[in-house]
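To be precise, the following lines are upload.pdb, and they hold PDB, C-alpha atoms.
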ATOM      1  CA  MET A  57      21.274 -68.733  26.942
ATOM      2  CA  LEU A  58      18.939 -70.503  24.516
ATOM      3  CA  ARG A  59      17.864 -72.934  27.227
ATOM      4  CA  SER A  60      17.404 -70.124  29.723
ATOM      5  CA  LEU A  61      15.143 -68.103  27.410
ATOM      6  CA  THR A  62      13.208 -71.189  26.341
ATOM      7  CA  ASP A  63      12.593 -72.065  29.983
ATOM      8  CA  ARG A  64      11.195 -68.547  30.428
ATOM      9  CA  GLY A  65       8.600 -69.094  27.686
ATOM     10  CA  HIS A  66      10.314 -67.671  24.604
ATOM     11  CA  ALA A  67      10.391 -69.473  21.257
ATOM     12  CA  VAL A  68      14.070 -69.113  20.366
ATOM     13  CA  HIS A  69      15.919 -69.840  17.120
ATOM     14  CA  ALA A  70      19.708 -69.608  17.250
ATOM     15  CA  VAL A  71      22.058 -69.166  14.285
ATOM     16  CA  GLY A  72      25.814 -68.889  14.240
ATOM     17  CA  THR A  73      26.564 -66.396  11.459
ATOM     18  CA  ALA A  74      25.345 -63.007  10.282
ATOM     19  CA  LEU A  75      24.332 -64.364   6.877
ATOM     20  CA  ASP A  76      22.234 -67.100   8.486
ATOM     21  CA  ALA A  77      20.614 -64.452  10.683
ATOM     22  CA  LEU A  78      19.760 -62.292   7.659
ATOM     23  CA  ARG A  79      18.197 -65.244   5.863
ATOM     24  CA  ARG A  80      16.239 -66.319   8.954
ATOM     25  CA  VAL A  81      14.950 -62.819   9.718
ATOM     26  CA  ALA A  82      13.925 -62.218   6.102
ATOM     27  CA  ALA A  83      12.038 -65.512   5.986
ATOM     28  CA  GLU A  84      10.341 -65.524   9.388
ATOM     29  CA  THR A  85      10.153 -61.930  10.782
ATOM     30  CA  PRO A  86      10.773 -62.621  14.486
ATOM     31  CA  ASP A  87       9.419 -60.443  17.295
ATOM     32  CA  LEU A  88      12.932 -59.496  18.390
ATOM     33  CA  VAL A  89      16.590 -60.178  17.541
ATOM     34  CA  VAL A  90      19.443 -60.559  20.030
ATOM     35  CA  LEU A  91      22.596 -59.844  18.029
ATOM     36  CA  ASP A  92      26.038 -60.768  19.336
ATOM     37  CA  LEU A  93      28.743 -58.569  17.813
ATOM     38  CA  GLY A  94      31.309 -61.377  17.893
ATOM     39  CA  LEU A  95      30.367 -63.093  14.643
ATOM     40  CA  PRO A  96      32.634 -65.335  12.530
ATOM     41  CA  ASP A  97      31.677 -63.950   9.104
ATOM     42  CA  LEU A  98      30.869 -60.236   9.536
ATOM     43  CA  ASP A  99      31.525 -57.488  12.033
ATOM     44  CA  GLY A 100      28.470 -57.199  14.263
ATOM     45  CA  SER A 101      28.032 -53.499  13.453
ATOM     46  CA  ASP A 102      27.852 -54.339   9.743
ATOM     47  CA  ALA A 103      25.365 -57.106  10.486
ATOM     48  CA  LEU A 104      23.224 -54.607  12.414
ATOM     49  CA  ARG A 105      23.126 -52.213   9.469
ATOM     50  CA  MET A 106      22.246 -55.049   7.093
ATOM     51  CA  LEU A 107      19.455 -56.242   9.384
ATOM     52  CA  ARG A 108      18.087 -52.713   9.582
ATOM     53  CA  GLY A 109      18.016 -52.694   5.789
ATOM     54  CA  ILE A 110      15.492 -55.531   5.695
ATOM     55  CA  THR A 111      13.521 -55.261   8.960
ATOM     56  CA  ASP A 112      12.402 -52.873  11.667
ATOM     57  CA  VAL A 113      11.992 -55.514  14.397
ATOM     58  CA  PRO A 114      13.599 -54.612  17.741
ATOM     59  CA  ILE A 115      17.280 -55.520  18.044
ATOM     60  CA  ILE A 116      19.167 -55.938  21.324
ATOM     61  CA  ILE A 117      22.948 -55.948  20.999
ATOM     62  CA  ALA A 118      25.084 -58.279  23.103
ATOM     63  CA  THR A 119      28.567 -56.816  23.247
ATOM     64  CA  ALA A 120      31.758 -56.676  25.271
ATOM     65  CA  ARG A 121      32.263 -53.062  24.107
ATOM     66  CA  ASP A 122      31.186 -50.734  26.891
ATOM     67  CA  ASP A 123      32.771 -47.440  25.826
ATOM     68  CA  GLU A 124      30.442 -44.535  25.027
ATOM     69  CA  GLN A 125      31.490 -44.139  21.385
ATOM     70  CA  SER A 126      30.707 -47.774  20.607
ATOM     71  CA  VAL A 127      27.308 -47.484  22.280
ATOM     72  CA  VAL A 128      26.463 -44.302  20.343
ATOM     73  CA  ARG A 129      27.469 -45.934  17.050
ATOM     74  CA  LEU A 130      25.204 -48.906  17.790
ATOM     75  CA  LEU A 131      22.244 -46.645  18.601
ATOM     76  CA  ARG A 132      22.846 -44.622  15.457
ATOM     77  CA  ALA A 133      22.936 -47.800  13.413
ATOM     78  CA  GLY A 134      19.493 -48.797  14.673
ATOM     79  CA  ALA A 135      19.923 -50.810  17.873
ATOM     80  CA  ASP A 136      17.009 -50.621  20.304
ATOM     81  CA  ASP A 137      19.015 -51.617  23.354
ATOM     82  CA  TYR A 138      22.367 -53.110  24.276
ATOM     83  CA  MET A 139      23.769 -55.368  26.978
ATOM     84  CA  VAL A 140      27.391 -55.591  28.024
ATOM     85  CA  LYS A 141      28.646 -59.136  28.555
ATOM     86  CA  PRO A 142      28.665 -61.063  30.775
ATOM     87  CA  PHE A 143      24.982 -61.067  31.713
ATOM     88  CA  THR A 144      22.503 -63.646  32.974
ATOM     89  CA  GLY A 145      19.538 -65.189  31.214
ATOM     90  CA  ALA A 146      17.232 -63.495  33.730
ATOM     91  CA  HIS A 147      18.719 -60.089  32.891
ATOM     92  CA  LEU A 148      18.328 -60.675  29.164
ATOM     93  CA  ASP A 149      14.756 -61.873  29.658
ATOM     94  CA  ALA A 150      13.950 -58.664  31.559
ATOM     95  CA  ARG A 151      15.439 -56.521  28.785
ATOM     96  CA  ILE A 152      13.510 -58.438  26.111
ATOM     97  CA  THR A 153      10.258 -57.922  28.018
ATOM     98  CA  THR A 154      10.991 -54.202  28.419
ATOM     99  CA  VAL A 155      11.851 -53.674  24.745
ATOM    100  CA  LEU A 156       8.787 -55.562  23.517
ATOM    101  CA  ARG A 157       6.561 -53.612  25.909
ATOM    102  CA  ARG A 158       8.184 -50.351  24.783
ATOM    103  CA  VAL A 159       7.588 -51.167  21.122
ATOM    104  CA  GLY A 160       3.957 -52.015  21.824
ATOM    105  CA  ARG A 161       3.496 -48.809  23.823
ATOM    106  CA  ALA A 162       5.072 -46.707  21.060
ATOM    107  CA  SER A 163       2.814 -48.250  18.447
ATOM    108  CA  ARG A 164      -0.212 -47.284  20.550
ATOM    109  CA  ALA A 165       1.074 -43.818  21.381
ATOM    110  CA  VAL A 166      -0.234 -42.321  18.128
ATOM    111  CA  GLN A 167      -3.489 -43.444  16.586
ATOM    112  CA  PRO A 168      -3.536 -44.063  12.803
ATOM    113  CA  ALA A 169      -3.759 -40.618  11.224
ATOM    114  CA  VAL A 170      -2.024 -38.218   8.879
ATOM    115  CA  HIS A 171      -0.321 -35.232  10.507
ATOM    116  CA  SER A 172       0.718 -32.198   8.456
ATOM    117  CA  VAL A 173       2.936 -29.452   9.822
ATOM    118  CA  GLY A 174       4.182 -26.988   7.233
ATOM    119  CA  GLY A 175       5.771 -29.044   4.456
ATOM    120  CA  LEU A 176       6.018 -32.121   6.688
ATOM    121  CA  ARG A 177       3.488 -34.937   6.246
ATOM    122  CA  VAL A 178       3.497 -37.953   8.563
ATOM    123  CA  ASP A 179       1.196 -40.870   7.730
ATOM    124  CA  VAL A 180       1.019 -43.038  10.843
ATOM    125  CA  GLY A 181      -1.027 -45.797   9.226
ATOM    126  CA  GLU A 182       1.447 -46.243   6.368
ATOM    127  CA  ARG A 183       4.427 -45.388   8.597
ATOM    128  CA  SER A 184       5.727 -42.935   6.027
ATOM    129  CA  ALA A 185       6.993 -39.372   6.299
ATOM    130  CA  HIS A 186       7.494 -36.799   3.543
ATOM    131  CA  LEU A 187       9.149 -33.407   3.730
ATOM    132  CA  ASP A 188       8.271 -31.011   0.912
ATOM    133  CA  GLY A 189       7.134 -34.011  -1.129
ATOM    134  CA  THR A 190      10.342 -36.021  -0.596
ATOM    135  CA  ALA A 191      10.183 -39.299   1.345
ATOM    136  CA  LEU A 192      12.273 -39.469   4.514
ATOM    137  CA  ALA A 193      14.173 -42.724   5.060
ATOM    138  CA  LEU A 194      13.620 -43.144   8.791
ATOM    139  CA  THR A 195      14.342 -45.979  11.176
ATOM    140  CA  ARG A 196      11.438 -47.289  13.243
ATOM    141  CA  LYS A 197      12.510 -45.268  16.286
ATOM    142  CA  GLU A 198      13.043 -42.089  14.283
ATOM    143  CA  PHE A 199       9.570 -42.442  12.789
ATOM    144  CA  ASP A 200       7.964 -43.081  16.193
ATOM    145  CA  LEU A 201       9.661 -39.984  17.601
ATOM    146  CA  LEU A 202       8.659 -37.801  14.660
ATOM    147  CA  ALA A 203       5.074 -39.104  14.643
ATOM    148  CA  TYR A 204       4.654 -38.467  18.361
ATOM    149  CA  LEU A 205       5.850 -34.874  18.020
ATOM    150  CA  ALA A 206       3.888 -34.276  14.796
ATOM    151  CA  ALA A 207       0.685 -35.344  16.548
ATOM    152  CA  ARG A 208       1.299 -32.512  19.053
ATOM    153  CA  PRO A 209       2.428 -29.555  16.907
ATOM    154  CA  GLY A 210       3.582 -26.535  18.852
ATOM    155  CA  ARG A 211       3.390 -28.328  22.186
ATOM    156  CA  VAL A 212       6.535 -28.754  24.280
ATOM    157  CA  VAL A 213       7.043 -32.471  24.938
ATOM    158  CA  SER A 214       9.303 -33.296  27.857
ATOM    159  CA  ARG A 215      12.078 -35.864  27.820
ATOM    160  CA  ARG A 216      10.220 -37.794  30.499
ATOM    161  CA  GLU A 217       7.117 -37.996  28.299
ATOM    162  CA  LEU A 218       9.144 -39.190  25.300
ATOM    163  CA  LEU A 219      10.804 -41.847  27.435
ATOM    164  CA  GLU A 220       7.479 -43.040  28.823
ATOM    165  CA  GLU A 221       5.397 -42.883  25.638
ATOM    166  CA  VAL A 222       7.895 -43.607  22.838
ATOM    167  CA  TRP A 223      10.772 -45.470  24.497
ATOM    168  CA  ARG A 224       9.485 -46.739  27.863
ATOM    169  CA  GLN A 225      13.142 -47.186  28.846
ATOM    170  CA  PRO A 226      13.948 -46.620  32.517
ATOM    171  CA  SER A 227      17.611 -47.658  32.215
ATOM    172  CA  VAL A 228      20.812 -45.627  32.359
ATOM    173  CA  GLY A 229      21.531 -43.565  29.254
ATOM    174  CA  GLU A 230      17.963 -42.633  28.238
ATOM    175  CA  ASP A 231      18.797 -39.000  27.530
ATOM    176  CA  GLN A 232      21.615 -40.084  25.253
ATOM    177  CA  THR A 233      19.206 -42.348  23.380
ATOM    178  CA  ILE A 234      16.822 -39.433  22.714
ATOM    179  CA  ASP A 235      19.643 -37.106  21.691
ATOM    180  CA  VAL A 236      21.137 -39.621  19.250
ATOM    181  CA  HIS A 237      17.819 -40.290  17.532
ATOM    182  CA  LEU A 238      16.955 -36.586  17.431
ATOM    183  CA  TYR A 239      20.356 -35.806  15.918
ATOM    184  CA  TRP A 240      19.859 -38.260  13.069
ATOM    185  CA  LEU A 241      16.240 -37.218  12.566
ATOM    186  CA  ARG A 242      17.335 -33.603  12.213
ATOM    187  CA  ARG A 243      20.047 -34.549   9.739
ATOM    188  CA  LYS A 244      17.577 -36.434   7.567
ATOM    189  CA  MET A 245      15.257 -33.417   7.663
ATOM    190  CA  GLY A 246      18.068 -31.097   6.575
ATOM    191  CA  GLU A 247      18.398 -29.167   9.806
ATOM    192  CA  SER A 248      20.481 -29.070  12.972
ATOM    193  CA  ALA A 249      20.156 -28.044  16.604
ATOM    194  CA  ALA A 250      22.015 -24.815  15.772
ATOM    195  CA  LYS A 251      19.746 -24.085  12.785
ATOM    196  CA  PRO A 252      16.400 -25.748  13.496
ATOM    197  CA  ARG A 253      13.415 -25.548  11.163
ATOM    198  CA  TYR A 254      10.856 -28.003  12.534
ATOM    199  CA  LEU A 255      12.452 -29.603  15.588
ATOM    200  CA  ARG A 256      13.049 -27.052  18.335
ATOM    201  CA  THR A 257      14.786 -27.688  21.654
ATOM    202  CA  VAL A 258      13.346 -25.986  24.726
ATOM    203  CA  ARG A 259      16.292 -25.924  27.102
ATOM    204  CA  GLY A 260      15.748 -27.762  30.333
ATOM    205  CA  VAL A 261      12.270 -28.889  29.301
ATOM    206  CA  GLY A 262      12.115 -30.917  26.084
ATOM    207  CA  PHE A 263      11.260 -30.526  22.409
ATOM    208  CA  ARG A 264       8.499 -29.265  20.161
ATOM    209  CA  LEU A 265       7.721 -29.567  16.470
ATOM    210  CA  VAL A 266       6.563 -26.414  14.688
ATOM    211  CA  ALA A 267       6.121 -25.187  11.112
ATOM    212  CA  PRO A 268       9.072 -23.103   9.881
ATOM    213  CA  ASP A 269       8.758 -19.325  10.112
TER     214      ASP A 269
END

Could you render the structure as structure tokens?
Amino acid sequence: MLRSLTDRGHAVHAVGTALDALRRVAAETPDLVVLDLGLPDLDGSDALRMLRGITDVPIIIATARDDEQSVVRLLRAGADDYMVKPFTGAHLDARITTVLRRVGRASRAVQPAVHSVGGLRVDVGERSAHLDGTALALTRKEFDLLAYLAARPGRVVSRRELLEEVWRQPSVGEDQTIDVHLYWLRRKMGESAAKPRYLRTVRGVGFRLVAPD
């Protein structure tokens, strides 16, 4: 796999353990991490959470686990994409290109600004969000989603638009990806789909962010 990606123009550094990966990522800040869950020192899911604690770079999971619950747990823990083994170097290269393009598109989707909606304040330049003066601990994807909606207060944003402008992910399972990130974003904001304050679902259309009544 290393040879295949190198032949396709990537500068690749391979390590064999989760701890080595943590040290390498902390020291060098790569553009993207491909994380195999079958590690000799830590469970891959634990390694993912630890990586998310020190970096927001995109992470693609390589896993033999293809059941829905495992996929949802990985997305909740901060994975940007996942691939079920076995797969080819060409397939992985295509996924890497898509994720990097998606990240670049999301970063351009909202121009540096500060958006205030009710007690919510989203500073795009600093990539920080505060609700009623309290900082929200958001993952990169959660922040991108919130910032995109906050820049369009009151406007209904369709799932298709979110996929194109925030995710740029034309693969199977996109709706699940949005729902998982929205679920965790709502939890961190102290609300739920049943009792929304800021994040409202418009059935069959999409979502909108509004100030509480």

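Minimum atom-to-atom distance to A:Val71, evaluated using all atoms listed in the file, belongs to A:Val90 out of A:Leu238, A:Leu156, A:Thr85, A:Val90.
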
At a cut-off of 12 Å, using only C-alpha atoms, what residues contact A:Ile110? Leave out same-chain residues fewer than 5 positions from it and give the result as a PyMOL selection string.
chain A and resi 77-85+103-105+134+195-196

Suppose we keep C-alpha atoms; can you now write the selection as a PDB file, in the frame of the given file?
ATOM      1  CA  ALA A  77      20.614 -64.452  10.683  1.00  0.00           C
ATOM      2  CA  LEU A  78      19.760 -62.292   7.659  1.00  0.00           C
ATOM      3  CA  ARG A  79      18.197 -65.244   5.863  1.00  0.00           C
ATOM      4  CA  ARG A  80      16.239 -66.319   8.954  1.00  0.00           C
ATOM      5  CA  VAL A  81      14.950 -62.819   9.718  1.00  0.00           C
ATOM      6  CA  ALA A  82      13.925 -62.218   6.102  1.00  0.00           C
ATOM      7  CA  ALA A  83      12.038 -65.512   5.986  1.00  0.00           C
ATOM      8  CA  GLU A  84      10.341 -65.524   9.388  1.00  0.00           C
ATOM      9  CA  THR A  85      10.153 -61.930  10.782  1.00  0.00           C
ATOM     10  CA  ALA A 103      25.365 -57.106  10.486  1.00  0.00           C
ATOM     11  CA  LEU A 104      23.224 -54.607  12.414  1.00  0.00           C
ATOM     12  CA  ARG A 105      23.126 -52.213   9.469  1.00  0.00           C
ATOM     13  CA  GLY A 134      19.493 -48.797  14.673  1.00  0.00           C
ATOM     14  CA  THR A 195      14.342 -45.979  11.176  1.00  0.00           C
ATOM     15  CA  ARG A 196      11.438 -47.289  13.243  1.00  0.00           C
TER      16      ARG A 196
END

Centre and edges of the stretch 193-198 of chain A box, axis-aligned, 5 Å extra per side, as AutoDock Vina command-line options:
--center_x 12.9 --center_y -44.7 --center_z 10.7 --size_x 12.9 --size_y 15.2 --size_z 21.2

Taking the file as shown, what set of residues would the PyMOL selection byres ((chain A and resi 214) around 8) give back, as a PDB file with C-alpha atoms, in the coordinates of the input?
ATOM      1  CA  VAL A 212       6.535 -28.754  24.280  1.00  0.00           C
ATOM      2  CA  VAL A 213       7.043 -32.471  24.938  1.00  0.00           C
ATOM      3  CA  ARG A 215      12.078 -35.864  27.820  1.00  0.00           C
ATOM      4  CA  ARG A 216      10.220 -37.794  30.499  1.00  0.00           C
ATOM      5  CA  GLU A 217       7.117 -37.996  28.299  1.00  0.00           C
ATOM      6  CA  LEU A 218       9.144 -39.190  25.300  1.00  0.00           C
ATOM      7  CA  VAL A 261      12.270 -28.889  29.301  1.00  0.00           C
ATOM      8  CA  GLY A 262      12.115 -30.917  26.084  1.00  0.00           C
ATOM      9  CA  PHE A 263      11.260 -30.526  22.409  1.00  0.00           C
TER      10      PHE A 263
END

Please measure the separation of atom CA of A:Leu201 and atom CA of A:Asp136, giving the value in Å to one decimal.
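Atom-to-atom, atom CA of A:Leu201 and atom CA of A:Asp136 are spaced 13.2 Å apart.
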
If you apply the PyMOL selection byres ((chain A and resi 74) around 10) to this file, what residues do you get, as a list in words?
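Checked against the file, the PyMOL selection byres ((chain A and resi 74) around 10) matches Val71, Gly72, Thr73, Leu75, Asp76, Ala77, Leu78, Arg79, Arg80, Leu91, Asp92, Leu93, Gly94, Leu95, Pro96, Asp97, Leu98, Asp99, Gly100, Asp102, Ala103, Leu104, Met106 and Leu107 of chain A.
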
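Each of A:Met139, A:Ala249, A:Ala146, A:Val127 was checked against A:Asp63 using only C-alpha atoms; the smallest atom-to-atom distance is that of A:Ala146.
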
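The environment of A:Pro209 within 7 Å, counting only C-alpha atoms and disregarding residues fewer than 6 places along the same chain, consists of Arg264, Leu265 and Val266 of chain A.
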
Atoms to include: C-alpha atoms. Write the selected residues as a CSV table (one decimal), in the frame of the given file.
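So the final result, stored in selection-v3.csv, reads:
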chain,number,residue,atom,x,y,z
A,264,ARG,CA,8.5,-29.3,20.2
A,265,LEU,CA,7.7,-29.6,16.5
A,266,VAL,CA,6.6,-26.4,14.7

Which one is closest to A:Arg177: A:Thr257, A:Gln232, A:Thr62, A:Thr190? Count all atoms listed in the file.
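Nearest candidate to A:Arg177 out of A:Thr257, A:Gln232, A:Thr62, A:Thr190: A:Thr190.
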
Name the closest residue to A:Arg242 among the candidates A:Leu255, A:Ala207, A:Val140, A:Ala267; distances are taken between atoms, counting all atoms listed in the file.
A:Leu255

Considering only C-alpha atoms, state which residue in the set A:Ala203, A:Ala193, A:Met245, A:Leu148 is at the smallest distance from A:Val178.
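The answer is A:Ala203, which sits nearest to A:Val178.
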
Could you tell me how far atom CA of A:Arg253 sits from atom CA of A:Pro268, in Å to one decimal place?
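It comes out at 5.1 Å.
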
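Minimum distance to A:Arg243 across A:Arg59, A:Arg132, A:Arg108, A:Arg121 (counting all atoms listed in the file) occurs at A:Arg132.
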
Two-atom distance - atom CA of A:Val113, atom CA of A:Pro142 (Å):
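Computed distance, atom CA of A:Val113 to atom CA of A:Pro142, equals 24.0 Å.
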
Which residues, named as in the file, does the PyMOL selection byres ((chain A and resi 179) around 12) pick out? Answer as a PyMOL selection string.
chain A and resi 166-173+176-178+180-187+191-192+199-200+202-204+206-207

9 Å contact set for A:Gly145, all atoms listed in the file, chain neighbours under 2 positions out, as a list in words
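Listing them by chain and then by number gives Met57, Leu58, Arg59, Ser60, Leu61, Phe143, His147, Leu148, Asp149 and Ala150 of chain A.
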